[in-house]
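Source file: protein21.txt; contents: compact mmCIF, C-alpha atoms and all ligand atoms.
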# COMPACT_ATOMS: atom_id res chain seq x y z
CA MET A 12 29.56 36.23 -37.13
CA ARG A 13 33.23 35.95 -36.29
CA ILE A 14 33.70 39.74 -36.24
CA THR A 15 30.66 40.23 -34.06
CA LYS A 16 31.91 37.70 -31.54
CA THR A 17 35.40 39.18 -31.45
CA SER A 18 34.08 42.70 -30.94
CA LEU A 19 31.80 41.44 -28.23
CA LEU A 20 34.69 39.78 -26.42
CA LEU A 21 36.78 42.87 -26.86
CA SER A 22 34.16 45.15 -25.40
CA THR A 23 33.68 42.74 -22.49
CA ALA A 24 37.42 42.77 -21.86
CA LEU A 25 37.50 46.55 -22.09
CA ALA A 26 34.57 46.89 -19.74
CA THR A 27 36.36 44.59 -17.29
CA SER A 28 39.54 46.57 -17.48
CA LEU A 29 37.74 49.89 -17.09
CA ALA A 30 35.87 48.53 -14.08
CA LEU A 31 39.17 47.40 -12.59
CA ALA A 32 40.69 50.81 -13.20
CA ALA A 33 37.69 52.45 -11.54
CA CYS A 34 38.24 50.21 -8.52
CA GLY A 35 41.78 51.54 -8.24
CA GLY A 36 43.26 48.55 -10.04
CA ALA A 37 45.42 50.85 -12.11
CA SER A 38 47.16 54.09 -11.32
CA ASN A 39 49.00 55.85 -14.03
CA GLY A 40 51.56 58.29 -12.82
CA THR A 41 53.87 57.87 -15.72
CA GLU A 42 53.82 61.36 -17.19
CA GLY A 43 56.15 64.07 -16.03
CA ASP A 44 57.65 62.06 -13.22
CA GLY A 45 60.98 63.89 -13.46
CA GLU A 46 61.08 63.81 -9.65
CA SER A 47 61.71 60.13 -9.63
CA GLU A 48 64.80 60.65 -11.81
CA GLY A 49 67.63 58.65 -10.32
CA GLY A 50 64.61 56.97 -8.97
CA GLY A 51 63.00 53.99 -7.47
CA ALA A 52 62.88 56.44 -4.56
CA ALA A 53 60.28 55.79 -1.88
CA GLY A 54 57.01 57.47 -2.79
CA GLY A 55 58.08 57.83 -6.45
CA GLU A 56 55.29 57.74 -8.97
CA GLY A 57 54.86 54.68 -11.05
CA THR A 58 52.31 52.46 -12.68
CA GLU A 59 50.47 49.59 -11.09
CA MET A 60 50.54 47.45 -14.22
CA ARG A 61 48.00 44.79 -15.09
CA LEU A 62 49.21 41.67 -16.81
CA ALA A 63 46.78 39.52 -18.83
CA LEU A 64 47.35 35.78 -18.62
CA ASN A 65 45.21 32.91 -19.90
CA GLN A 66 46.53 30.28 -17.45
CA THR A 67 45.32 29.12 -14.04
CA GLU A 68 46.94 30.17 -10.77
CA ASP A 69 48.77 26.84 -10.38
CA HIS A 70 50.47 27.13 -13.79
CA PRO A 71 54.25 27.92 -13.72
CA SER A 72 53.63 31.12 -15.71
CA TYR A 73 51.34 32.54 -13.03
CA ILE A 74 53.71 31.52 -10.23
CA ALA A 75 56.81 33.06 -11.85
CA LEU A 76 54.98 36.25 -12.88
CA ASP A 77 53.41 36.72 -9.49
CA ASN A 78 56.86 36.48 -7.88
CA PHE A 79 58.17 38.91 -10.49
CA GLY A 80 55.41 41.35 -9.49
CA GLN A 81 56.31 41.13 -5.83
CA THR A 82 60.06 41.65 -6.22
CA PHE A 83 59.51 44.46 -8.71
CA ALA A 84 57.12 46.28 -6.36
CA GLU A 85 59.66 46.02 -3.53
CA GLY A 86 62.55 47.27 -5.69
CA ALA A 87 60.62 50.03 -7.47
CA PRO A 88 58.18 51.74 -5.08
CA GLY A 89 55.08 53.06 -6.81
CA TRP A 90 55.33 50.36 -9.46
CA GLY A 91 53.80 46.92 -9.48
CA ILE A 92 52.51 44.07 -11.63
CA ASP A 93 49.10 42.51 -10.95
CA VAL A 94 48.66 39.24 -12.78
CA TYR A 95 45.10 38.50 -13.94
CA PRO A 96 44.84 34.75 -14.70
CA ASN A 97 42.19 32.71 -16.57
CA GLU A 98 41.58 35.18 -19.41
CA GLN A 99 39.99 37.60 -16.92
CA LEU A 100 41.20 40.50 -19.08
CA GLY A 101 40.31 38.70 -22.33
CA ALA A 102 41.64 35.89 -24.49
CA GLN A 103 45.08 36.42 -26.01
CA ALA A 104 43.89 38.05 -29.26
CA GLU A 105 42.04 40.67 -27.18
CA ALA A 106 44.89 41.04 -24.69
CA LEU A 107 47.24 41.85 -27.57
CA GLN A 108 44.91 44.64 -28.69
CA LEU A 109 44.48 45.96 -25.14
CA VAL A 110 48.26 46.16 -24.61
CA SER A 111 48.63 47.91 -27.95
CA ASP A 112 46.10 50.59 -27.05
CA GLY A 113 47.40 50.90 -23.48
CA SER A 114 44.25 49.80 -21.63
CA VAL A 115 46.21 46.86 -20.23
CA GLU A 116 49.95 47.28 -19.70
CA MET A 117 51.34 43.77 -20.07
CA ALA A 118 50.39 40.29 -21.29
CA ILE A 119 51.68 36.84 -22.02
CA VAL A 120 50.79 35.86 -25.55
CA SER A 121 51.66 32.80 -27.56
CA GLY A 122 53.98 33.17 -30.57
CA ALA A 123 50.98 32.44 -32.80
CA GLN A 124 49.47 35.83 -31.88
CA LEU A 125 52.59 37.78 -32.88
CA GLU A 126 52.78 36.03 -36.26
CA ASN A 127 49.67 37.98 -37.11
CA LEU A 128 51.45 41.32 -36.46
CA ASN A 129 54.80 40.50 -38.09
CA GLU A 130 55.17 37.30 -40.08
CA ASP A 131 58.85 37.06 -39.16
CA PHE A 132 57.79 35.80 -35.70
CA THR A 133 56.60 32.65 -37.51
CA VAL A 134 60.19 31.39 -37.62
CA TYR A 135 60.28 30.76 -33.86
CA ASN A 136 57.00 28.81 -34.03
CA LEU A 137 58.18 26.36 -36.68
CA PRO A 138 58.51 22.64 -36.00
CA LYS A 139 62.16 21.69 -35.45
CA VAL A 140 63.53 25.23 -35.07
CA PHE A 141 64.54 24.58 -31.44
CA GLU A 142 66.28 21.41 -30.30
CA ASP A 143 64.89 21.64 -26.77
CA VAL A 144 63.78 24.09 -24.09
CA ASP A 145 67.32 25.19 -23.14
CA HIS A 146 68.16 25.97 -26.74
CA GLN A 147 64.91 27.91 -27.10
CA MET A 148 65.44 29.94 -23.93
CA GLN A 149 68.98 30.86 -24.94
CA VAL A 150 67.88 32.15 -28.37
CA ILE A 151 64.89 34.06 -26.96
CA ASN A 152 66.14 35.39 -23.63
CA GLU A 153 69.73 36.10 -24.59
CA PRO A 154 68.80 37.68 -27.91
CA ASP A 155 71.38 38.63 -30.52
CA GLU A 156 70.89 41.77 -32.65
CA LEU A 157 68.66 40.08 -35.20
CA THR A 158 66.31 38.69 -32.56
CA GLN A 159 66.30 41.99 -30.66
CA ASP A 160 65.31 43.81 -33.87
CA LEU A 161 62.43 41.38 -34.24
CA PHE A 162 61.34 42.03 -30.65
CA ASP A 163 61.45 45.82 -31.26
CA SER A 164 59.67 45.58 -34.62
CA LEU A 165 56.15 46.01 -33.19
CA GLU A 166 56.88 49.27 -31.35
CA GLU A 167 56.28 51.63 -34.25
CA GLY A 168 53.06 50.14 -35.61
CA SER A 169 51.51 48.64 -32.47
CA LYS A 170 53.27 50.19 -29.43
CA ILE A 171 54.14 46.70 -28.23
CA THR A 172 57.61 45.75 -26.97
CA VAL A 173 58.55 42.10 -26.67
CA LEU A 174 60.69 41.49 -23.58
CA GLY A 175 61.45 37.78 -23.94
CA GLY A 176 59.72 34.47 -23.54
CA PHE A 177 58.58 31.54 -21.44
CA THR A 178 58.79 28.07 -22.87
CA GLN A 179 55.60 26.15 -23.61
CA GLY A 180 57.61 22.95 -23.65
CA SER A 181 57.05 20.32 -26.26
CA ARG A 182 53.53 20.21 -27.74
CA SER A 183 51.75 16.96 -28.66
CA VAL A 184 48.21 15.97 -29.64
CA TYR A 185 45.29 14.70 -27.58
CA THR A 186 41.93 13.42 -28.72
CA SER A 187 38.51 12.41 -27.50
CA PHE A 188 38.42 9.33 -29.76
CA GLY A 189 41.62 7.33 -29.27
CA PRO A 190 45.42 7.33 -29.59
CA ILE A 191 47.13 8.56 -32.78
CA GLU A 192 49.86 6.66 -34.59
CA SER A 193 49.81 8.19 -38.05
CA ALA A 194 48.11 10.92 -40.10
CA GLU A 195 45.44 8.41 -41.22
CA ASP A 196 44.12 8.27 -37.66
CA PHE A 197 43.11 11.91 -37.96
CA ALA A 198 41.08 11.40 -41.16
CA GLY A 199 37.81 13.32 -40.92
CA LYS A 200 38.68 14.68 -37.44
CA LYS A 201 38.83 18.29 -36.32
CA MET A 202 41.70 19.70 -34.31
CA ARG A 203 41.52 22.97 -32.38
CA VAL A 204 44.51 25.15 -33.21
CA GLN A 205 45.84 28.51 -32.10
CA GLU A 206 44.75 31.33 -34.39
CA SER A 207 47.45 31.54 -37.08
CA PRO A 208 48.07 30.18 -40.60
CA LEU A 209 51.11 28.19 -39.45
CA ASN A 210 49.06 26.39 -36.81
CA ILE A 211 46.48 25.45 -39.44
CA SER A 212 49.28 23.95 -41.55
CA ILE A 213 50.66 22.01 -38.58
CA ALA A 214 47.25 20.41 -37.92
CA GLU A 215 46.99 19.51 -41.60
CA ALA A 216 50.49 18.01 -41.57
CA LEU A 217 49.34 15.83 -38.68
CA GLY A 218 46.35 14.71 -40.78
CA ALA A 219 43.50 16.65 -39.14
CA SER A 220 41.37 19.55 -40.33
CA ALA A 221 42.00 22.69 -38.31
CA THR A 222 39.56 24.77 -36.27
CA PRO A 223 41.13 27.97 -34.84
CA MET A 224 39.70 28.76 -31.41
CA ALA A 225 40.67 30.70 -28.26
CA TYR A 226 42.27 28.64 -25.49
CA GLY A 227 39.53 29.36 -22.95
CA GLU A 228 36.82 28.01 -25.28
CA LEU A 229 38.51 24.68 -25.82
CA TYR A 230 37.18 22.66 -22.88
CA THR A 231 33.61 23.31 -24.03
CA GLY A 232 34.65 22.83 -27.65
CA LEU A 233 35.91 19.32 -26.87
CA GLN A 234 33.01 18.50 -24.59
CA SER A 235 30.38 19.52 -27.13
CA LYS A 236 32.35 17.81 -29.95
CA VAL A 237 32.82 21.00 -31.97
CA VAL A 238 36.39 19.64 -32.16
CA ASP A 239 37.70 16.10 -31.64
CA SER A 240 41.22 16.94 -30.63
CA ALA A 241 43.76 19.60 -29.75
CA GLU A 242 47.50 19.96 -29.21
CA ASN A 243 49.40 21.43 -26.31
CA ASN A 244 51.87 20.66 -23.52
CA GLU A 245 51.02 18.39 -20.59
CA VAL A 246 50.84 21.33 -18.16
CA SER A 247 48.02 23.01 -20.08
CA TYR A 248 46.34 19.65 -20.70
CA PHE A 249 46.17 19.10 -16.96
CA THR A 250 45.56 22.61 -15.59
CA GLN A 251 42.76 23.23 -18.14
CA LYS A 252 41.29 19.78 -17.32
CA HIS A 253 41.15 18.86 -21.01
CA TYR A 254 42.00 15.24 -20.08
CA GLU A 255 38.43 14.97 -18.75
CA VAL A 256 37.00 15.42 -22.24
CA ALA A 257 39.92 14.20 -24.43
CA PRO A 258 41.67 11.44 -22.51
CA TYR A 259 43.99 10.10 -25.27
CA TRP A 260 47.39 11.82 -25.36
CA SER A 261 49.84 10.87 -28.14
CA TYR A 262 53.45 12.12 -28.18
CA THR A 263 53.85 13.78 -31.58
CA ASN A 264 56.22 16.38 -30.06
CA HIS A 265 55.62 18.46 -33.18
CA VAL A 266 56.86 21.80 -31.86
CA VAL A 267 58.59 23.38 -28.84
CA GLY A 268 56.09 26.16 -28.17
CA LEU A 269 56.86 29.70 -27.09
CA ASP A 270 55.04 32.38 -25.09
CA TYR A 271 56.15 36.02 -25.12
CA LEU A 272 56.01 38.66 -22.41
CA ILE A 273 54.81 41.88 -24.02
CA ILE A 274 54.43 45.40 -22.62
CA ASN A 275 52.98 48.64 -23.94
CA SER A 276 55.99 50.55 -25.33
CA ASP A 277 54.97 53.89 -23.76
CA VAL A 278 54.75 52.32 -20.32
CA LEU A 279 58.16 50.72 -20.78
CA SER A 280 59.77 53.98 -21.84
CA SER A 281 58.20 55.80 -18.86
CA MET A 282 60.46 53.77 -16.53
CA ASP A 283 63.56 55.66 -15.41
CA ASP A 284 66.90 53.83 -15.50
CA ASP A 285 66.72 52.45 -11.97
CA VAL A 286 63.15 51.22 -12.37
CA ARG A 287 64.06 49.68 -15.71
CA ALA A 288 67.04 47.89 -14.12
CA GLU A 289 64.74 46.42 -11.42
CA PHE A 290 62.25 45.42 -14.08
CA ASP A 291 64.84 43.69 -16.27
CA ALA A 292 66.34 41.86 -13.29
CA GLY A 293 62.85 40.73 -12.22
CA TRP A 294 62.05 39.40 -15.68
CA ASP A 295 65.42 37.62 -15.88
CA ALA A 296 64.65 35.85 -12.59
CA ALA A 297 61.08 35.10 -13.73
CA TRP A 298 61.92 33.26 -16.96
CA LYS A 299 64.65 31.32 -15.16
CA GLU A 300 62.24 30.33 -12.38
CA HIS A 301 59.65 29.38 -14.98
CA THR A 302 62.16 27.15 -16.82
CA GLU A 303 63.12 25.49 -13.54
CA LEU A 304 59.50 24.86 -12.58
CA TRP A 305 58.65 23.47 -16.00
CA ASN A 306 59.94 19.87 -15.74
CA GLU A 307 58.41 19.29 -12.34
CA ALA A 308 55.08 20.78 -13.42
CA THR A 309 55.13 18.54 -16.51
CA GLN A 310 55.63 15.41 -14.42
CA GLU A 311 52.89 16.46 -11.98
CA ALA A 312 50.57 17.10 -14.92
CA ILE A 313 51.20 13.64 -16.40
CA ASP A 314 50.59 12.00 -13.03
CA GLY A 315 47.46 14.06 -12.38
CA ALA A 316 45.99 13.43 -15.83
CA LYS A 317 46.67 9.69 -15.51
CA GLU A 318 44.87 9.67 -12.19
CA GLY A 319 42.00 11.36 -13.97
CA GLY A 320 41.87 8.56 -16.55
CA ALA A 321 44.14 9.83 -19.35
CA THR A 322 46.45 7.52 -21.32
CA PHE A 323 49.81 8.62 -22.75
CA THR A 324 51.03 6.88 -25.92
CA GLU A 325 54.45 7.11 -27.57
CA VAL A 326 54.46 7.82 -31.32
CA ASP A 327 57.10 6.74 -33.81
CA ASP A 328 59.09 9.93 -34.63
CA SER A 329 59.19 9.11 -38.31
CA ALA A 330 55.37 9.10 -38.64
CA PHE A 331 55.07 12.89 -39.12
CA GLU A 332 58.71 13.84 -39.74
CA GLU A 333 58.50 14.55 -43.45
CA ALA A 334 55.28 16.56 -43.36
CA LEU A 335 56.48 18.68 -40.44
CA THR A 336 59.91 19.36 -41.93
CA ALA A 337 58.28 20.53 -45.17
CA ILE A 338 56.50 23.30 -43.24
CA ALA A 339 59.74 25.23 -42.71
CA ASP A 340 60.20 25.52 -46.50
CA GLU A 341 56.65 26.71 -46.89
CA TYR A 342 56.80 29.39 -44.18
CA ILE A 343 60.29 30.86 -44.65
CA SER A 344 59.50 33.35 -47.36
CA ASN A 345 61.87 36.30 -46.90
CA ASP A 346 65.58 36.94 -46.16
CA ASN A 347 65.04 38.08 -42.59
CA GLN A 348 63.10 34.92 -41.76
CA GLN A 349 65.87 32.83 -43.32
CA ALA A 350 68.51 34.73 -41.30
CA LEU A 351 66.53 34.25 -38.05
CA TYR A 352 66.09 30.55 -38.82
CA ASP A 353 69.77 30.02 -39.65
CA GLN A 354 70.85 31.91 -36.56
CA ALA A 355 68.59 29.79 -34.33
CA ARG A 356 69.73 26.57 -35.98
CA GLY A 357 73.38 27.64 -35.67
CA ASN A 358 73.86 27.41 -39.45
C1 LIG B 401 49.80 27.11 -24.14
C2 LIG B 401 50.43 28.47 -24.11
C3 LIG B 401 49.38 29.57 -24.19
C4 LIG B 401 48.50 29.34 -25.39
C5 LIG B 401 47.90 27.96 -25.34
C6 LIG B 401 47.02 27.70 -26.56
O1 LIG B 401 49.07 26.90 -22.98
O2 LIG B 401 51.22 28.60 -22.95
O3 LIG B 401 49.97 30.82 -24.30
O4 LIG B 401 47.48 30.29 -25.41
O5 LIG B 401 48.94 27.00 -25.29
O6 LIG B 401 47.11 26.62 -27.12
O7 LIG B 401 46.26 28.59 -26.92

In structure tokens, how does this file's structure come out?
Ligand code: GCU
Amino acid sequence: MRITKTSLLLSTALATSLALAACGGASNGTEGDGESEGGGAAGGEGTEMRLALNQTEDHPSYIALDNFGQTFAEGAPGWGIDVYPNEQLGAQAEALQLVSDGSVEMAIVSGAQLENLNEDFTVYNLPKVFEDVDHQMQVINEPDELTQDLFDSLEEGSKITVLGGFTQGSRSVYTSFGPIESAEDFAGKKMRVQESPLNISIAEALGASATPMAYGELYTGLQSKVVDSAENNEVSYFTQKHYEVAPYWSYTNHVVGLDYLIINSDVLSSMDDDVRAEFDAGWDAAWKEHTELWNEATQEAIDGAKEGGATFTEVDDSAFEEALTAIADEYISNDNQQALYDQARGN
């Protein structure tokens, strides 16, 4: 059942991307473009890249990436980035596959998705690994050798290069049935989680039973009571309108979440030095803009959700502390994970 559905989604996403390509959505002039050596020259060949995103057009990720696309196109003629929001190119699990096989060039995927390709990525999705957003952005976007090796680790097996990350801010829970104060409040309730073993454990540590599900299916999942709750940041809660069907937000702040920008490795290596420099500068500006937009977007989301009837409840930090801290012990299972964890924690 599950396999059938995934393959169906994948073929839909592929059909969409092929249709887009047929409409001139993609041009691939990456091979043999020796002429653009020393490049970025007017009329140089390049690739009009498609970027798969699962957020709406008013989400900070779309805004920062769209600006990235525009500055990159100006600085590197022939190249461009078209951002496709709202899972138009597929949910994240499909987008990951499409970037790997080269049918889509770029995507934003949550850390949970990369855990499934290399379990060492799990470290950066653990509760308590990052103190706050600034700490997270410094570790991820000013990577030391260990982190860079992790980012390059998917190239050989999957042709995916990780370029850096956007923060997801602090994630908390929300429910359709009432505020949460302790794990007992989740007894017998189902929580939608991102598709990874760690996320199942986090839901269990919070007291719920976990139901992995794609982001775009969650509104209907909550509405039809397939799940009773979910966890995310306020920006997603508001832009996805989940407050309409799960109006009780409780501040568990169980993890500072992380999204990654990924690109097909062959497309990245087809950039000459000048194009690559424009690309790197554009990404650097994009994650900084995203971080700047984040606090304001969070406040707007809280205000908007409250206007829509949501309530926001503080939770005693100690309520879930022990169960969440224990997860790090469970999920750090090799030396590289331990080294990444220690490096992030400054140990
Ligand atoms: C956040 C995150 C997405 C992720 C989503 C989810 O919105 O930015 O990348 O897909 O959470 O919970 O699935």

Expected selection as a VMD selection string for ligand LIG 401 (chain B) within 9 Å, only C-alpha atoms and all ligand atoms: chain A and resid 64 to 66 72 102 to 103 119 to 124 177 to 180 182 203 to 206 224 to 227 229 241 to 244 246 to 248 251 268 to 271

Residue with smallest distance to Asn264 (chain A) - pool A:Trp305, A:Tyr73, A:Trp90, A:Tyr185, counting all atoms listed in the file: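 So, comparing all the options, the nearest one is A:Tyr185.
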
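Here CA of Ala75 (chain A) stands at a distance of 12.5 Å from CA of Ala308 (chain A).
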
Pairwise distance for CA of Asn127 (chain A) and CA of Ser207 (chain A), rounded to one decimal in Å: 6.8 Å

Which of A:Gln348, A:Ala292, A:Ala106, A:Val286 sits closest to Gly91 (chain A) [using only C-alpha atoms]: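 For Gly91 (chain A), the nearest of the candidates is A:Val286.
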
Residue list as an MDAnalysis selection string for point (50.9, 28.1, -38.3), cut-off 9 Å, all atoms listed in the file: chainID A and resid 123 126 133 136:137 204:214 338 342

Atom-to-atom span, CA of Trp298 (chain A) and CA of Gly176 (chain A), Å: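 Separating CA of Trp298 (chain A) from CA of Gly176 (chain A) is a distance of 7.0 Å.
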